[in-house]
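Text of data-v2.tsv, listed as TSV, C-alpha atoms:
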chain	number	residue	atom	x	y	z
T	277	MET	CA	27.96	100.90	85.58
T	278	ILE	CA	25.52	102.55	83.19
T	279	GLU	CA	25.44	100.83	79.80
T	280	LYS	CA	26.86	102.94	76.97
T	281	ARG	CA	23.71	102.77	74.83
T	282	TYR	CA	21.64	104.35	77.63
T	283	LYS	CA	24.31	106.92	78.39
T	284	ASP	CA	24.51	107.88	74.72
T	285	ALA	CA	20.73	108.29	74.53
T	286	PHE	CA	20.66	110.57	77.57
T	287	ASP	CA	23.68	112.54	76.33
T	288	ARG	CA	21.82	113.26	73.09
T	289	ALA	CA	18.90	114.83	74.97
T	290	SER	CA	18.73	118.61	75.12
T	291	ASP	CA	20.56	120.32	77.98
T	292	GLU	CA	17.23	121.66	79.22
T	293	ARG	CA	15.71	118.17	79.35
T	294	LYS	CA	18.74	116.63	81.05
T	295	GLU	CA	18.78	119.43	83.61
T	296	LYS	CA	15.09	118.98	84.38
T	297	ILE	CA	15.26	115.19	84.71
T	298	LEU	CA	18.27	115.28	87.02
T	299	GLU	CA	16.99	118.11	89.21
T	300	ILE	CA	13.65	116.35	89.66
T	301	GLY	CA	15.40	113.03	90.22
T	302	ILE	CA	17.69	114.51	92.85
T	303	GLU	CA	14.73	116.03	94.68
T	304	GLU	CA	12.78	112.75	94.57
T	305	PHE	CA	15.68	110.61	95.81
T	306	ALA	CA	16.70	113.15	98.45
T	307	THR	CA	13.14	113.49	99.76
T	308	MET	CA	11.88	109.91	99.50
T	309	GLY	CA	15.09	107.90	99.77
T	310	TYR	CA	16.24	105.38	97.18
T	311	GLU	CA	13.78	102.59	97.97
T	312	LYS	CA	10.66	104.77	98.03
T	313	ALA	CA	11.64	107.03	95.13
T	314	ASN	CA	9.45	106.36	92.08
T	315	ILE	CA	10.87	106.60	88.59
T	316	ASN	CA	7.33	106.98	87.19
T	317	VAL	CA	6.81	110.07	89.35
T	318	ILE	CA	10.13	111.50	88.19
T	319	ALA	CA	9.20	110.94	84.53
T	320	LYS	CA	5.79	112.54	85.00
T	321	LYS	CA	7.19	115.63	86.75
T	322	ALA	CA	9.86	115.92	84.05
T	323	GLY	CA	7.16	115.87	81.38
T	324	ILE	CA	8.36	112.75	79.58
T	325	SER	CA	6.92	109.28	79.10
T	326	ILE	CA	8.10	106.40	81.23
T	327	GLY	CA	9.12	104.68	77.99
T	328	LEU	CA	11.47	107.53	77.13
T	329	MET	CA	12.81	107.54	80.67
T	330	TYR	CA	13.78	103.88	80.25
T	331	LYS	CA	15.52	104.73	76.99
T	332	TYR	CA	17.70	107.07	79.03
T	333	PHE	CA	18.15	104.83	82.07
T	334	ALA	CA	17.82	101.04	82.14
T	335	THR	CA	16.99	101.01	85.85
T	336	LYS	CA	16.15	103.28	88.75
T	337	GLU	CA	19.64	102.60	90.03
T	338	ASP	CA	21.17	104.04	86.84
T	339	LEU	CA	19.15	107.22	87.28
T	340	PHE	CA	20.12	107.41	90.95
T	341	VAL	CA	23.82	107.04	90.15
T	342	THR	CA	23.61	109.72	87.46
T	343	CYS	CA	21.87	112.10	89.86
T	344	LEU	CA	24.48	111.37	92.51
T	345	GLN	CA	27.36	111.92	90.11
T	346	ARG	CA	25.92	115.27	89.07
T	347	GLY	CA	25.64	116.47	92.65
T	348	MET	CA	29.09	115.30	93.64
T	349	LYS	CA	30.74	116.81	90.54
T	350	ILE	CA	29.87	120.33	91.68
T	351	LEU	CA	31.86	119.95	94.90
T	352	ASP	CA	34.54	117.84	93.25
T	353	ASP	CA	35.25	120.58	90.67
T	354	ALA	CA	35.56	123.18	93.44
T	355	LEU	CA	37.92	120.92	95.42
T	356	ASP	CA	39.98	120.28	92.31
T	357	GLU	CA	40.69	123.97	91.88
T	358	ILE	CA	41.68	124.37	95.53
T	359	MET	CA	43.87	121.29	95.73
T	360	LYS	CA	45.78	122.07	92.53
T	361	SER	CA	46.90	125.43	93.91
T	362	ASP	CA	50.34	126.08	95.39
T	363	ASP	CA	48.82	127.19	98.70
T	364	LYS	CA	50.08	125.68	101.93
T	365	ILE	CA	47.95	122.85	103.28
T	366	LEU	CA	46.25	124.94	105.98
T	367	ILE	CA	45.25	127.61	103.43
T	368	LYS	CA	43.77	124.82	101.31
T	369	ALA	CA	41.99	123.46	104.38
T	370	GLU	CA	40.41	126.84	105.11
T	371	LYS	CA	39.20	127.17	101.52
T	372	VAL	CA	37.80	123.64	101.58
T	373	ILE	CA	35.89	124.31	104.82
T	374	ARG	CA	34.36	127.50	103.39
T	375	THR	CA	33.46	125.71	100.16
T	376	THR	CA	31.90	122.85	102.11
T	377	CYS	CA	29.73	125.24	104.15
T	378	ARG	CA	28.52	127.17	101.12
T	379	HIS	CA	28.03	124.13	98.91
T	380	SER	CA	26.03	122.36	101.62
T	381	LYS	CA	23.67	125.30	102.09
T	382	ALA	CA	23.27	126.00	98.38
T	383	ASN	CA	22.87	122.37	97.28
T	384	ALA	CA	21.13	120.68	100.20
T	385	ASN	CA	19.44	118.00	98.09
T	386	TYR	CA	22.79	116.84	96.74
T	387	ILE	CA	24.09	116.35	100.26
T	388	ARG	CA	20.92	114.53	101.34
T	389	LEU	CA	21.42	112.25	98.35
T	390	TYR	CA	24.98	111.58	99.48
T	391	ASN	CA	23.73	110.85	102.99
T	392	GLU	CA	21.22	108.42	101.52
T	393	ILE	CA	23.95	106.15	100.19
T	394	THR	CA	25.72	105.95	103.56
T	395	GLY	CA	22.81	103.75	104.65
T	396	GLU	CA	22.97	101.56	101.54
T	397	LYS	CA	21.90	98.00	102.43
T	398	ASN	CA	23.12	96.30	99.27
T	399	PRO	CA	26.81	95.52	99.98
T	400	VAL	CA	27.81	95.22	96.32
T	401	ARG	CA	26.14	98.47	95.34
T	402	ALA	CA	27.53	100.18	98.44
T	403	GLN	CA	31.07	99.21	97.47
T	404	GLN	CA	30.56	100.33	93.88
T	405	LEU	CA	29.13	103.67	94.93
T	406	ALA	CA	31.88	104.26	97.50
T	407	GLU	CA	34.59	103.52	94.95
T	408	GLY	CA	32.98	105.70	92.29
T	409	ILE	CA	32.39	108.67	94.58
T	410	GLU	CA	35.23	108.62	97.08
T	411	THR	CA	38.18	107.80	94.82
T	412	SER	CA	38.49	111.27	93.30
T	413	THR	CA	38.20	113.15	96.61
T	414	SER	CA	40.54	110.81	98.46
T	415	THR	CA	43.17	111.15	95.75
T	416	LYS	CA	43.04	114.96	96.00
T	417	TYR	CA	43.43	114.95	99.78
T	418	ILE	CA	46.12	112.28	99.91
T	419	THR	CA	48.17	114.00	97.20
T	420	SER	CA	47.94	117.43	98.85
T	421	ILE	CA	48.89	116.10	102.28
T	422	ALA	CA	51.77	114.08	100.84
T	423	GLN	CA	53.04	117.19	99.04
T	424	ALA	CA	52.83	119.19	102.27
T	425	LEU	CA	54.75	116.44	104.06
T	426	ALA	CA	57.47	116.53	101.41
T	427	LYS	CA	57.77	120.30	101.87
T	428	ASP	CA	57.96	119.93	105.65
T	429	ASP	CA	54.76	121.99	106.02
T	430	VAL	CA	53.15	119.45	108.37
T	431	ARG	CA	54.26	117.22	111.21
T	432	SER	CA	56.71	114.60	110.02
T	433	ASP	CA	55.05	111.60	111.66
T	434	LEU	CA	51.68	111.74	109.90
T	435	ASP	CA	50.34	109.19	107.44
T	436	PRO	CA	48.86	111.08	104.42
T	437	ARG	CA	46.25	108.40	103.71
T	438	MET	CA	45.01	108.18	107.29
T	439	PHE	CA	44.97	111.96	107.71
T	440	ALA	CA	43.06	112.32	104.43
T	441	PHE	CA	40.46	109.86	105.73
T	442	PHE	CA	40.03	111.67	109.04
T	443	LEU	CA	39.91	115.07	107.32
T	444	ASP	CA	37.20	113.92	104.95
T	445	ASN	CA	35.18	112.49	107.85
T	446	LEU	CA	35.19	115.91	109.51
T	447	LEU	CA	34.05	117.63	106.32
T	448	MET	CA	31.42	114.99	105.60
T	449	SER	CA	29.94	115.46	109.08
T	450	LEU	CA	29.90	119.22	108.49
T	451	GLN	CA	28.05	118.76	105.20
T	452	PHE	CA	25.38	116.65	106.85
T	453	SER	CA	25.06	119.13	109.73
T	454	TYR	CA	23.69	121.71	107.31
T	455	THR	CA	21.27	119.41	105.52
T	456	CYS	CA	20.20	116.26	107.39
T	457	ASP	CA	17.84	116.37	110.37
T	458	TYR	CA	19.77	113.97	112.61
T	459	TYR	CA	23.07	115.75	112.04
T	460	ARG	CA	21.48	119.17	112.37
T	461	LYS	CA	20.17	118.21	115.82
T	462	ARG	CA	23.52	116.66	116.68
T	463	PHE	CA	25.23	119.95	115.83
T	464	GLU	CA	22.80	121.81	118.10
T	465	ILE	CA	23.29	119.37	120.99
T	466	TYR	CA	27.05	119.80	120.88
T	467	THR	CA	27.24	123.54	120.15
T	468	GLY	CA	24.04	124.79	121.77
T	469	VAL	CA	23.14	126.65	118.57
T	470	ASP	CA	21.07	125.78	115.51
T	471	VAL	CA	23.41	125.47	112.54
T	472	ASP	CA	21.46	128.10	110.60
T	473	GLU	CA	22.07	130.59	113.40
T	474	MET	CA	25.76	129.78	113.73
T	475	ASP	CA	28.12	132.34	112.19
T	476	GLU	CA	29.90	130.61	109.31
T	477	GLU	CA	33.11	132.37	110.27
T	478	GLN	CA	33.02	130.71	113.68
T	479	VAL	CA	32.56	127.29	112.09
T	480	VAL	CA	35.50	127.89	109.76
T	481	THR	CA	37.75	129.29	112.48
T	482	GLN	CA	37.11	126.56	115.03
T	483	LEU	CA	37.37	123.67	112.59
T	484	LEU	CA	40.54	125.11	111.12
T	485	LYS	CA	42.08	125.34	114.61
T	486	PHE	CA	41.21	121.68	115.14
T	487	ILE	CA	42.77	120.68	111.81
T	488	GLU	CA	45.83	122.86	112.38
T	489	SER	CA	46.54	121.21	115.72
T	490	ALA	CA	46.33	117.79	114.09
T	491	PHE	CA	48.61	118.70	111.21
T	492	THR	CA	51.25	120.64	113.10
T	493	PHE	CA	51.30	119.71	116.79
T	494	LYS	CA	53.90	117.25	118.01
T	495	LYS	CA	55.41	116.78	121.46

Rewrite the coordinates I just gave you, this time as structure tokens.
Amino acid sequence: MIEKRYKDAFDRASDERKEKILEIGIEEFATMGYEKANINVIAKKAGISIGLMYKYFATKEDLFVTCLQRGMKILDDALDEIMKSDDKILIKAEKVIRTTCRHSKANANYIRLYNEITGEKNPVRAQQLAEGIETSTSTKYITSIAQALAKDDVRSDLDPRMFAFFLDNLLMSLQFSYTCDYYRKRFEIYTGVDVDEMDEEQVVTQLLKFIESAFTFKK
């Protein structure tokens, strides 16, 4: 967790400075990876001294976490609006798929940053990052699925927590397919089409059919 005195110092910086530091930090971490990313390079590109940078962030890890939180908040806010609606679960699912596609294309560095932490080698940090990032999203999905179950809008034998996990795995893979080289190639191998050439409507339609069959089909 970032110490309060560093957080307060960064919060007092101008919005323009905070924006610049985080955008440059996100690009550096997304491009170089956590281990090779250089906080000195980030400070230089942001036009501030390394001393001032360390007044804002005690460690490179603190800067990384702040960058990650910024990127994830954009999608989290969009999901929050969708999941709080009174729409049926499959309408929510369609909106989430569309949002995932558009967010991934518009904010590729954020998704690459997210992908970076999936390979985290420090088990303690990996657990802390997973808890900090995944808790909000998982709560939204679990709550929405449980509400749909209570309204008899989905099959009666599903487990909301398990279904939320599997749903998020599908969406996470979709995010990476738009932004990360391995997943982009994986998408092409399976579909025969480069993801940039794939009609977004086809992606939405086919994934929604898959989700619909899982949520509603029962022998």

>> Report as a list in words all protein, DNA and RNA residues lying within 10 Å of Met329 (chain T), evaluated on all atoms listed in the file, omitting residues in the same chain fewer than 3 positions from it.
In response: Tyr282, Phe286, Ile297, Ile315, Asn316, Ile318, Ala319, Lys320, Ala322, Ile324, Ser325, Ile326, Tyr332, Phe333, Ala334, Thr335, Lys336 and Leu339 of chain T

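The closest residue to Asp356 (chain T), picked from T:Thr413, T:Glu303, T:Val469, T:Cys456 and counting all atoms listed in the file, is T:Thr413.
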
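Atom pair CA of Gln451 (chain T) / CA of Asp433 (chain T) has a distance of 28.7 Å (rounded to one decimal).
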
> Using all atoms listed in the file, what residues lie at most 12 Å away from (24.1, 130.3, 102.3) (file coordinates), given as a PyMOL selection string?
Replying inline: chain T and resi 374-384+454-455+471-476

Just-selected residues, C-alpha atoms written as a PDB file, in the frame of the given file:
ATOM      1  CA  ARG T 374      34.360 127.500 103.390  1.00  0.00           C
ATOM      2  CA  THR T 375      33.460 125.710 100.160  1.00  0.00           C
ATOM      3  CA  THR T 376      31.900 122.850 102.110  1.00  0.00           C
ATOM      4  CA  CYS T 377      29.730 125.240 104.150  1.00  0.00           C
ATOM      5  CA  ARG T 378      28.520 127.170 101.120  1.00  0.00           C
ATOM      6  CA  HIS T 379      28.030 124.130  98.910  1.00  0.00           C
ATOM      7  CA  SER T 380      26.030 122.360 101.620  1.00  0.00           C
ATOM      8  CA  LYS T 381      23.670 125.300 102.090  1.00  0.00           C
ATOM      9  CA  ALA T 382      23.270 126.000  98.380  1.00  0.00           C
ATOM     10  CA  ASN T 383      22.870 122.370  97.280  1.00  0.00           C
ATOM     11  CA  ALA T 384      21.130 120.680 100.200  1.00  0.00           C
ATOM     12  CA  TYR T 454      23.690 121.710 107.310  1.00  0.00           C
ATOM     13  CA  THR T 455      21.270 119.410 105.520  1.00  0.00           C
ATOM     14  CA  VAL T 471      23.410 125.470 112.540  1.00  0.00           C
ATOM     15  CA  ASP T 472      21.460 128.100 110.600  1.00  0.00           C
ATOM     16  CA  GLU T 473      22.070 130.590 113.400  1.00  0.00           C
ATOM     17  CA  MET T 474      25.760 129.780 113.730  1.00  0.00           C
ATOM     18  CA  ASP T 475      28.120 132.340 112.190  1.00  0.00           C
ATOM     19  CA  GLU T 476      29.900 130.610 109.310  1.00  0.00           C
TER      20      GLU T 476
END

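Between CA of Ile373 (chain T) and CA of Thr481 (chain T) the separation is 9.3 Å.
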
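Separating CA of Ala354 (chain T) from CA of Lys371 (chain T) is a distance of 9.7 Å.
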
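In terms of minimum interatomic distance to Ile365 (chain T), T:Arg431 ranks closest within T:Lys349, T:Arg401, T:Arg431, T:Lys331, counting all atoms listed in the file.
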
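Distances to Cys343 (chain T) were evaluated for T:Val480, T:Ala490, T:Val400, T:Ile302 using all atoms listed in the file, and the minimum falls at T:Ile302.
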
> Pick the closest to Asn398 (chain T) from T:Glu337, T:Glu477, T:Leu425, T:Leu298: which is it, counting all atoms listed in the file?
Replying inline: T:Glu337

Centre and edges of the region 351-370 of chain T box, axis-aligned, 6 Å extra per side, as lines of an AutoDock Vina configuration file:
center_x = 41.1
center_y = 122.7
center_z = 98.3
size_x = 30.5
size_y = 21.8
size_z = 27.3

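Using only C-alpha atoms, the residues found no farther than 12 Å from Ile367 (chain T), other than those of its own chain fewer than 3 positions away, are Ile358, Met359, Ser361, Asp362, Asp363, Lys364, Glu370, Lys371, Val372, Ile373, Arg374, Ser420, Ala424, Asp429, Val480, Thr481, Leu484, Lys485, Ile487 and Glu488 of chain T.
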
>> Measuring between all atoms listed in the file, which one of T:Thr411, T:Ile465, T:Arg388, T:Thr342 shows the shortest distance to Phe452 (chain T)?
In response: T:Arg388

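For the residues T:Leu447, T:Leu351, T:Ala285, T:Leu434, ranking by smallest atom-to-atom distance to Ala369 (chain T) using only C-alpha atoms places T:Leu447 first.
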
Please supply region 433-444 of chain T, rebuilt with all heavy atoms, as a PDB file, in the frame of the given file.
ATOM      1  N   ASP T 433      55.437 112.967 111.319  1.00  0.00           N
ATOM      2  CA  ASP T 433      55.050 111.600 111.660  1.00  0.00           C
ATOM      3  C   ASP T 433      53.645 111.224 111.188  1.00  0.00           C
ATOM      4  O   ASP T 433      53.109 110.199 111.567  1.00  0.00           O
ATOM      5  CB  ASP T 433      55.138 111.391 113.179  1.00  0.00           C
ATOM      6  CG  ASP T 433      54.205 112.323 113.954  1.00  0.00           C
ATOM      7  OD1 ASP T 433      53.755 113.330 113.372  1.00  0.00           O
ATOM      8  OD2 ASP T 433      53.941 112.034 115.138  1.00  0.00           O
ATOM      9  N   LEU T 434      53.037 112.059 110.340  1.00  0.00           N
ATOM     10  CA  LEU T 434      51.680 111.740 109.900  1.00  0.00           C
ATOM     11  C   LEU T 434      51.677 110.793 108.717  1.00  0.00           C
ATOM     12  O   LEU T 434      52.641 110.706 107.959  1.00  0.00           O
ATOM     13  CB  LEU T 434      50.896 113.014 109.585  1.00  0.00           C
ATOM     14  CG  LEU T 434      51.304 113.912 108.404  1.00  0.00           C
ATOM     15  CD1 LEU T 434      50.912 113.335 107.060  1.00  0.00           C
ATOM     16  CD2 LEU T 434      50.649 115.286 108.557  1.00  0.00           C
ATOM     17  N   ASP T 435      50.580 110.087 108.570  1.00  0.00           N
ATOM     18  CA  ASP T 435      50.340 109.190 107.440  1.00  0.00           C
ATOM     19  C   ASP T 435      49.349 109.902 106.510  1.00  0.00           C
ATOM     20  O   ASP T 435      48.197 110.103 106.900  1.00  0.00           O
ATOM     21  CB  ASP T 435      49.758 107.869 107.934  1.00  0.00           C
ATOM     22  CG  ASP T 435      49.467 106.877 106.812  1.00  0.00           C
ATOM     23  OD1 ASP T 435      49.111 107.316 105.702  1.00  0.00           O
ATOM     24  OD2 ASP T 435      49.579 105.667 107.053  1.00  0.00           O
ATOM     25  N   PRO T 436      49.738 110.312 105.305  1.00  0.00           N
ATOM     26  CA  PRO T 436      48.860 111.080 104.420  1.00  0.00           C
ATOM     27  C   PRO T 436      47.514 110.403 104.162  1.00  0.00           C
ATOM     28  O   PRO T 436      46.472 111.076 104.107  1.00  0.00           O
ATOM     29  CB  PRO T 436      49.668 111.195 103.134  1.00  0.00           C
ATOM     30  CG  PRO T 436      51.090 111.161 103.585  1.00  0.00           C
ATOM     31  CD  PRO T 436      51.096 110.183 104.720  1.00  0.00           C
ATOM     32  N   ARG T 437      47.501 109.093 104.013  1.00  0.00           N
ATOM     33  CA  ARG T 437      46.250 108.400 103.710  1.00  0.00           C
ATOM     34  C   ARG T 437      45.298 108.409 104.915  1.00  0.00           C
ATOM     35  O   ARG T 437      44.099 108.639 104.770  1.00  0.00           O
ATOM     36  CB  ARG T 437      46.531 106.957 103.260  1.00  0.00           C
ATOM     37  CG  ARG T 437      47.398 106.855 102.006  1.00  0.00           C
ATOM     38  CD  ARG T 437      47.515 105.428 101.525  1.00  0.00           C
ATOM     39  NE  ARG T 437      46.290 104.972 100.902  1.00  0.00           N
ATOM     40  CZ  ARG T 437      46.040 105.052  99.595  1.00  0.00           C
ATOM     41  NH1 ARG T 437      46.934 105.572  98.774  1.00  0.00           N
ATOM     42  NH2 ARG T 437      44.898 104.609  99.098  1.00  0.00           N
ATOM     43  N   MET T 438      45.837 108.170 106.093  1.00  0.00           N
ATOM     44  CA  MET T 438      45.010 108.180 107.290  1.00  0.00           C
ATOM     45  C   MET T 438      44.496 109.595 107.578  1.00  0.00           C
ATOM     46  O   MET T 438      43.320 109.797 107.899  1.00  0.00           O
ATOM     47  CB  MET T 438      45.799 107.653 108.488  1.00  0.00           C
ATOM     48  CG  MET T 438      46.128 106.181 108.412  1.00  0.00           C
ATOM     49  SD  MET T 438      44.652 105.129 108.591  1.00  0.00           S
ATOM     50  CE  MET T 438      44.355 105.291 110.350  1.00  0.00           C
ATOM     51  N   PHE T 439      45.378 110.588 107.454  1.00  0.00           N
ATOM     52  CA  PHE T 439      44.970 111.960 107.710  1.00  0.00           C
ATOM     53  C   PHE T 439      43.920 112.416 106.696  1.00  0.00           C
ATOM     54  O   PHE T 439      43.010 113.166 107.040  1.00  0.00           O
ATOM     55  CB  PHE T 439      46.181 112.896 107.703  1.00  0.00           C
ATOM     56  CG  PHE T 439      46.764 113.136 109.069  1.00  0.00           C
ATOM     57  CD1 PHE T 439      47.187 112.069 109.862  1.00  0.00           C
ATOM     58  CD2 PHE T 439      46.873 114.416 109.587  1.00  0.00           C
ATOM     59  CE1 PHE T 439      47.717 112.279 111.126  1.00  0.00           C
ATOM     60  CE2 PHE T 439      47.399 114.645 110.862  1.00  0.00           C
ATOM     61  CZ  PHE T 439      47.826 113.572 111.634  1.00  0.00           C
ATOM     62  N   ALA T 440      44.058 111.984 105.453  1.00  0.00           N
ATOM     63  CA  ALA T 440      43.060 112.320 104.430  1.00  0.00           C
ATOM     64  C   ALA T 440      41.698 111.742 104.803  1.00  0.00           C
ATOM     65  O   ALA T 440      40.661 112.400 104.646  1.00  0.00           O
ATOM     66  CB  ALA T 440      43.510 111.789 103.068  1.00  0.00           C
ATOM     67  N   PHE T 441      41.705 110.518 105.308  1.00  0.00           N
ATOM     68  CA  PHE T 441      40.460 109.860 105.730  1.00  0.00           C
ATOM     69  C   PHE T 441      39.800 110.616 106.875  1.00  0.00           C
ATOM     70  O   PHE T 441      38.607 110.911 106.844  1.00  0.00           O
ATOM     71  CB  PHE T 441      40.759 108.420 106.143  1.00  0.00           C
ATOM     72  CG  PHE T 441      39.587 107.691 106.727  1.00  0.00           C
ATOM     73  CD1 PHE T 441      38.516 107.308 105.929  1.00  0.00           C
ATOM     74  CD2 PHE T 441      39.548 107.389 108.081  1.00  0.00           C
ATOM     75  CE1 PHE T 441      37.428 106.628 106.482  1.00  0.00           C
ATOM     76  CE2 PHE T 441      38.469 106.715 108.633  1.00  0.00           C
ATOM     77  CZ  PHE T 441      37.405 106.341 107.822  1.00  0.00           C
ATOM     78  N   PHE T 442      40.583 110.969 107.882  1.00  0.00           N
ATOM     79  CA  PHE T 442      40.030 111.670 109.040  1.00  0.00           C
ATOM     80  C   PHE T 442      39.554 113.081 108.653  1.00  0.00           C
ATOM     81  O   PHE T 442      38.528 113.556 109.139  1.00  0.00           O
ATOM     82  CB  PHE T 442      41.055 111.742 110.167  1.00  0.00           C
ATOM     83  CG  PHE T 442      41.411 110.397 110.745  1.00  0.00           C
ATOM     84  CD1 PHE T 442      42.739 110.057 110.982  1.00  0.00           C
ATOM     85  CD2 PHE T 442      40.438 109.460 111.035  1.00  0.00           C
ATOM     86  CE1 PHE T 442      43.078 108.818 111.507  1.00  0.00           C
ATOM     87  CE2 PHE T 442      40.757 108.226 111.562  1.00  0.00           C
ATOM     88  CZ  PHE T 442      42.086 107.898 111.800  1.00  0.00           C
ATOM     89  N   LEU T 443      40.306 113.749 107.783  1.00  0.00           N
ATOM     90  CA  LEU T 443      39.910 115.070 107.320  1.00  0.00           C
ATOM     91  C   LEU T 443      38.577 115.008 106.587  1.00  0.00           C
ATOM     92  O   LEU T 443      37.678 115.822 106.833  1.00  0.00           O
ATOM     93  CB  LEU T 443      40.987 115.659 106.412  1.00  0.00           C
ATOM     94  CG  LEU T 443      40.650 116.999 105.726  1.00  0.00           C
ATOM     95  CD1 LEU T 443      40.444 118.091 106.771  1.00  0.00           C
ATOM     96  CD2 LEU T 443      41.762 117.378 104.757  1.00  0.00           C
ATOM     97  N   ASP T 444      38.440 114.043 105.714  1.00  0.00           N
ATOM     98  CA  ASP T 444      37.200 113.920 104.950  1.00  0.00           C
ATOM     99  C   ASP T 444      36.022 113.593 105.861  1.00  0.00           C
ATOM    100  O   ASP T 444      34.899 114.055 105.635  1.00  0.00           O
ATOM    101  CB  ASP T 444      37.332 112.853 103.868  1.00  0.00           C
ATOM    102  CG  ASP T 444      36.149 112.860 102.919  1.00  0.00           C
ATOM    103  OD1 ASP T 444      35.942 113.882 102.239  1.00  0.00           O
ATOM    104  OD2 ASP T 444      35.404 111.861 102.882  1.00  0.00           O
TER     105      ASP T 444
END
